[in-house]
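Peer 1: Got a structure here, written out as structure tokens. Questions coming.
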Amino acid sequence: RYVDDRQRRNFSACGGALAYAFDERNRVFLPKVGATWNASADAAFSLVTYKGYNPSGGGVSFVTFTPYQYRKETADTVEFVARTQWLDRKLTANANLFFTRLKDMQISGIGPAGPNDGIYVNIAKARTRGVEVDLGYRPDARTRVSLAIGLLDTRIVDFGSAANNSKNGNQLGLAPRATANLNGSFELLPGLTVGGDLAFASKRYTDYENLPEDRVPGYGVANLNVQYRVGQFTLTGYVNNVFDKLVQFARFTSFNQAYVNDPRTVGVNLKAEF
């Protein structure tokens, strides 16, 4: 894949106090090479490497009223994939192992004017690596259980600027080391199904600054649902966040701000198909 893109932007507001002009062209070759070995009718293994890309861009600082630009981002990934089935195909076990090197990673950061100056910046070198495991079990037509587990390790290798090189070695923001999701459903009667899921994520930093006060704790949230289908009508009742857990997804102590989840929510939906 070959990408040739050009962006031209001319922006002016507030009588010209906020003005920005941008004209840049990116030419990027994005190869993808892979091989798959079908070990049996129930097992396949793949190795693939590919390049990803985000175009360059820019904006205007609403603190200094000056324009800024950020460079294009590229990501080189190597991934090993396993797809298997067991127990007469009642059990599915899949796994992905990946390693990604990022160059000029685009990320929301802090401008020259300080914490209130939110702009996009580039991290010269970063990397991510991890494993994802997905298990699915269907002992019969009425029962379904699945479990997904993810382990992730992220690092800033070289921020690329003297002002931010103290961040080298930090974790990337909003990147929990461990995540898991347990999901299941069971058909009690023809047309009547009950189900639920439990989502978990470990503690993580809000951003690349890795400030202790902006490290949010891990969480576990449970949801339940019941569904009844008759003819072209489907009636669904649900309880999200069953235990009414308060979860902080991100926290910015210096701004007295936090992004949180919804409280316990109970609802009913009626769907008609024609």
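Ligands are numbered from 1 in the order shown, residues from 1 within each chain, and chains are lettered A, B, ... in the order they appear in the structure tokens.
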Where in segment 16-259 of chain A does DSSP assign strand (DSSP E), given as a PyMOL selection string?

Peer 2: chain A and resi 18-29+32-40+43-54+57-60+67-70+73-86+91-111+114-140+143-158+178-189+192-201+204-205+215-216+219-230+233-240+248-252+257-259

Peer 1: If you count only C-alpha atoms, which residues fall within 6 Å of Phe80 of chain A, apart from same-chain ones fewer than 4 positions away, as a list in words?

Peer 2: Ser46, Leu47, Asn96 and Leu97 of chain A

Peer 1: Could you make a table, as a Markdown table, of the residues of segment 192-267 of chain A that have an atom within 12 Å of an atom of segment 165-185 of chain A, each with its nearest atom pair and distance in Å to one decimal, counting only C-alpha atoms, in chain and number order?

Peer 2:
```
| residue | atom | partner | partner_atom | distance |
| --- | --- | --- | --- | --- |
| A:Leu192 | CA | A:Ser185 | CA | 10.5 |
| A:Thr193 | CA | A:Ser185 | CA | 6.7 |
| A:Val194 | CA | A:Ser185 | CA | 5.6 |
| A:Gly195 | CA | A:Ser185 | CA | 3.9 |
| A:Gly196 | CA | A:Gly184 | CA | 5.7 |
| A:Asp197 | CA | A:Asn183 | CA | 4.2 |
| A:Leu198 | CA | A:Leu182 | CA | 5.1 |
| A:Ala199 | CA | A:Asn181 | CA | 4.5 |
| A:Phe200 | CA | A:Ala180 | CA | 5.1 |
| A:Ala201 | CA | A:Thr179 | CA | 4.4 |
| A:Ser202 | CA | A:Pro176 | CA | 5.4 |
| A:Lys203 | CA | A:Pro176 | CA | 5.9 |
| A:Arg204 | CA | A:Pro176 | CA | 4.8 |
| A:Tyr205 | CA | A:Gly173 | CA | 5.3 |
| A:Thr206 | CA | A:Gly173 | CA | 4.9 |
| A:Asp207 | CA | A:Gly173 | CA | 3.6 |
| A:Tyr208 | CA | A:Leu172 | CA | 4.9 |
| A:Glu209 | CA | A:Lys167 | CA | 6.6 |
| A:Asn210 | CA | A:Asn170 | CA | 6.5 |
| A:Leu211 | CA | A:Asn170 | CA | 10.0 |
| A:Pro212 | CA | A:Asn170 | CA | 11.9 |
| A:Asp214 | CA | A:Gly173 | CA | 10.1 |
| A:Arg215 | CA | A:Leu174 | CA | 9.3 |
| A:Val216 | CA | A:Leu174 | CA | 9.2 |
| A:Pro217 | CA | A:Pro176 | CA | 9.8 |
| A:Gly218 | CA | A:Pro176 | CA | 8.3 |
| A:Tyr219 | CA | A:Thr179 | CA | 9.7 |
| A:Gly220 | CA | A:Ala180 | CA | 9.2 |
| A:Val221 | CA | A:Asn181 | CA | 9.6 |
| A:Ala222 | CA | A:Leu182 | CA | 9.4 |
| A:Asn223 | CA | A:Asn183 | CA | 9.5 |
| A:Leu224 | CA | A:Ser185 | CA | 9.7 |
| A:Asn225 | CA | A:Ser185 | CA | 9.0 |
| A:Val226 | CA | A:Ser185 | CA | 9.1 |
| A:Gln227 | CA | A:Ser185 | CA | 10.1 |
| A:Gln248 | CA | A:Leu174 | CA | 11.1 |
| A:Phe249 | CA | A:Leu174 | CA | 7.9 |
| A:Ala250 | CA | A:Leu174 | CA | 7.4 |
| A:Arg251 | CA | A:Leu174 | CA | 10.2 |
| A:Phe252 | CA | A:Gly173 | CA | 11.9 |
| A:Tyr259 | CA | A:Leu174 | CA | 11.8 |
```

Peer 1: Between A:Leu152, A:Phe243, A:Phe274, A:Arg138, which is the closest to Asp262 of chain A once you count only C-alpha atoms?

Peer 2: A:Phe243

Peer 1: With distances taken over only C-alpha atoms, which of A:Gly109, A:Gly52, A:Gly130, A:Gly136 is nearest to Thr92 of chain A?

Peer 2: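 Answer, going by the shortest atom-to-atom distance: A:Gly136.
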
Peer 1: Might you pull out every residue within 10 Å of Thr234 of chain A, with only C-alpha atoms counted and same-chain residues fewer than 3 positions away left off, and present them as a list in words?

Peer 2: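 Counting only the stated atoms, we get Gly191, Leu192, Gln227, Tyr228, Arg229, Val230, Gly231, Asn269, Leu270, Lys271, Ala272 and Glu273 of chain A.
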
Peer 1: Using the selection just defined, write its residues with all heavy atoms as an mmCIF file, in the first residue's frame.

Peer 2:
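Output saved as out04.cif:
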```cif
data_model
loop_
_atom_site.group_PDB
_atom_site.id
_atom_site.type_symbol
_atom_site.label_atom_id
_atom_site.label_comp_id
_atom_site.auth_asym_id
_atom_site.auth_seq_id
_atom_site.Cartn_x
_atom_site.Cartn_y
_atom_site.Cartn_z
ATOM 1 N N GLY A 191 -36.517 -18.586 23.379
ATOM 2 C CA GLY A 191 -36.735 -17.150 23.240
ATOM 3 C C GLY A 191 -36.334 -16.327 24.448
ATOM 4 O O GLY A 191 -36.249 -15.097 24.362
ATOM 5 N N LEU A 192 -36.086 -16.986 25.612
ATOM 6 C CA LEU A 192 -35.744 -16.265 26.835
ATOM 7 C C LEU A 192 -34.278 -16.541 27.198
ATOM 8 O O LEU A 192 -33.920 -17.676 27.509
ATOM 9 C CB LEU A 192 -36.652 -16.684 27.982
ATOM 10 C CG LEU A 192 -36.381 -16.023 29.340
ATOM 11 C CD1 LEU A 192 -36.599 -14.514 29.256
ATOM 12 C CD2 LEU A 192 -37.269 -16.644 30.417
ATOM 13 N N GLN A 227 -33.262 -11.150 27.947
ATOM 14 C CA GLN A 227 -33.849 -10.861 26.640
ATOM 15 C C GLN A 227 -34.931 -11.885 26.322
ATOM 16 O O GLN A 227 -34.745 -13.094 26.510
ATOM 17 C CB GLN A 227 -32.764 -10.877 25.563
ATOM 18 C CG GLN A 227 -33.241 -10.524 24.163
ATOM 19 C CD GLN A 227 -32.114 -10.558 23.156
ATOM 20 O OE1 GLN A 227 -31.900 -11.564 22.492
ATOM 21 N NE2 GLN A 227 -31.374 -9.456 23.056
ATOM 22 N N TYR A 228 -36.056 -11.372 25.838
ATOM 23 C CA TYR A 228 -37.152 -12.268 25.435
ATOM 24 C C TYR A 228 -37.554 -11.912 24.013
ATOM 25 O O TYR A 228 -37.875 -10.762 23.707
ATOM 26 C CB TYR A 228 -38.345 -12.127 26.365
ATOM 27 C CG TYR A 228 -39.481 -13.069 26.011
ATOM 28 C CD1 TYR A 228 -39.317 -14.450 26.080
ATOM 29 C CD2 TYR A 228 -40.714 -12.577 25.593
ATOM 30 C CE1 TYR A 228 -40.333 -15.318 25.748
ATOM 31 C CE2 TYR A 228 -41.748 -13.439 25.258
ATOM 32 C CZ TYR A 228 -41.556 -14.814 25.335
ATOM 33 O OH TYR A 228 -42.581 -15.676 24.991
ATOM 34 N N ARG A 229 -37.545 -12.920 23.152
ATOM 35 C CA ARG A 229 -37.853 -12.705 21.744
ATOM 36 C C ARG A 229 -39.078 -13.526 21.361
ATOM 37 O O ARG A 229 -39.143 -14.739 21.629
ATOM 38 C CB ARG A 229 -36.665 -13.116 20.872
ATOM 39 C CG ARG A 229 -36.885 -12.877 19.381
ATOM 40 C CD ARG A 229 -35.656 -13.297 18.576
ATOM 41 N NE ARG A 229 -35.863 -13.078 17.155
ATOM 42 C CZ ARG A 229 -35.545 -11.961 16.520
ATOM 43 N NH1 ARG A 229 -34.994 -10.972 17.196
ATOM 44 N NH2 ARG A 229 -35.765 -11.841 15.222
ATOM 45 N N VAL A 230 -40.055 -12.857 20.757
ATOM 46 C CA VAL A 230 -41.247 -13.524 20.251
ATOM 47 C C VAL A 230 -41.620 -12.881 18.926
ATOM 48 O O VAL A 230 -41.841 -11.667 18.842
ATOM 49 C CB VAL A 230 -42.416 -13.437 21.267
ATOM 50 C CG1 VAL A 230 -42.717 -11.997 21.654
ATOM 51 C CG2 VAL A 230 -43.660 -14.135 20.714
ATOM 52 N N GLY A 231 -41.662 -13.694 17.896
ATOM 53 C CA GLY A 231 -41.957 -13.165 16.571
ATOM 54 C C GLY A 231 -40.931 -12.132 16.159
ATOM 55 O O GLY A 231 -39.712 -12.326 16.273
ATOM 56 N N ASN A 269 -35.597 -2.096 26.710
ATOM 57 C CA ASN A 269 -35.681 -1.775 25.282
ATOM 58 C C ASN A 269 -36.670 -2.714 24.617
ATOM 59 O O ASN A 269 -36.746 -3.903 24.941
ATOM 60 C CB ASN A 269 -34.316 -1.933 24.590
ATOM 61 C CG ASN A 269 -33.328 -0.878 25.023
ATOM 62 O OD1 ASN A 269 -33.701 0.254 25.319
ATOM 63 N ND2 ASN A 269 -32.049 -1.239 25.051
ATOM 64 N N LEU A 270 -37.425 -2.170 23.670
ATOM 65 C CA LEU A 270 -38.312 -2.978 22.852
ATOM 66 C C LEU A 270 -37.938 -2.752 21.388
ATOM 67 O O LEU A 270 -37.922 -1.612 20.902
ATOM 68 C CB LEU A 270 -39.772 -2.592 23.064
ATOM 69 C CG LEU A 270 -40.795 -3.355 22.204
ATOM 70 C CD1 LEU A 270 -40.740 -4.850 22.486
ATOM 71 C CD2 LEU A 270 -42.191 -2.806 22.408
ATOM 72 N N LYS A 271 -37.591 -3.841 20.708
ATOM 73 C CA LYS A 271 -37.170 -3.771 19.320
ATOM 74 C C LYS A 271 -38.140 -4.540 18.444
ATOM 75 O O LYS A 271 -38.527 -5.674 18.782
ATOM 76 C CB LYS A 271 -35.756 -4.348 19.166
ATOM 77 C CG LYS A 271 -35.227 -4.348 17.752
ATOM 78 C CD LYS A 271 -33.826 -4.967 17.706
ATOM 79 C CE LYS A 271 -33.296 -5.063 16.292
ATOM 80 N NZ LYS A 271 -31.945 -5.683 16.247
ATOM 81 N N ALA A 272 -38.541 -3.928 17.342
ATOM 82 C CA ALA A 272 -39.453 -4.585 16.403
ATOM 83 C C ALA A 272 -38.767 -4.650 15.031
ATOM 84 O O ALA A 272 -38.187 -3.665 14.580
ATOM 85 C CB ALA A 272 -40.766 -3.833 16.305
ATOM 86 N N GLU A 273 -38.829 -5.819 14.396
ATOM 87 C CA GLU A 273 -38.243 -5.997 13.076
ATOM 88 C C GLU A 273 -39.357 -6.279 12.066
ATOM 89 O O GLU A 273 -40.257 -7.086 12.320
ATOM 90 C CB GLU A 273 -37.245 -7.158 13.080
ATOM 91 C CG GLU A 273 -36.045 -6.914 13.997
ATOM 92 C CD GLU A 273 -35.124 -8.113 14.067
ATOM 93 O OE1 GLU A 273 -35.661 -9.244 14.230
ATOM 94 O OE2 GLU A 273 -33.906 -7.947 13.930
#
```

Peer 1: Measuring atom to atom with only C-alpha atoms, identify which of A:Asn261, A:Ser40, A:Asn116, A:Thr64 is nearest to Thr84 of chain A.

Peer 2: A:Ser40

Peer 1: Work out how far atom CA of Leu189 of chain A is from atom CA of Val266 of chain A, in Å to one decimal.

Peer 2: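 According to the coordinates, atom CA of Val266 of chain A and atom CA of Leu189 of chain A are separated by 23.0 Å.
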
Peer 1: In Å, rounded to a single decimal, give me how far atom CA of Asp4 of chain A is from atom CA of Val28 of chain A.

Peer 2: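 That distance, rounded to one decimal, is 6.6 Å.
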
Peer 1: DSSP says helix (DSSP H, G or I) for which residues of segment 63-261 of chain A? Put them as an NGL selection string?

Peer 2: :A and (165-167 or 212-214 or 253-255)

Peer 1: Which is closest to Gln85 of chain A among A:Val131, A:Val157, A:Ala41, A:Ile119, if we use only C-alpha atoms?

Peer 2: A:Ala41

Peer 1: Could you tell me how far atom CA of Thr154 of chain A sits from atom CA of Glu213 of chain A, in Å to one decimal place?

Peer 2: 19.6 Å

Peer 1: Closest to Phe29 of chain A among A:Ala44, A:Val3, A:Ala95, A:Val260, using only C-alpha atoms?

Peer 2: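 For Phe29 of chain A, the nearest of the given residues is A:Val3.
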
Peer 1: Fewer than 4 positions away in the same chain doesn't count, so skip those; otherwise give me all residues within 9 Å of Thr77 of chain A, counting only C-alpha atoms, as a PyMOL selection string.

Peer 2: chain A and resi 48-52+98-102

Peer 1: So, with only C-alpha atoms as the atoms that count, which of A:Phe65, A:Asp140, A:Ala148, A:Lys32 lies closest to Ala19 of chain A?

Peer 2: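 Distance minimum relative to Ala19 of chain A lands on A:Phe65.
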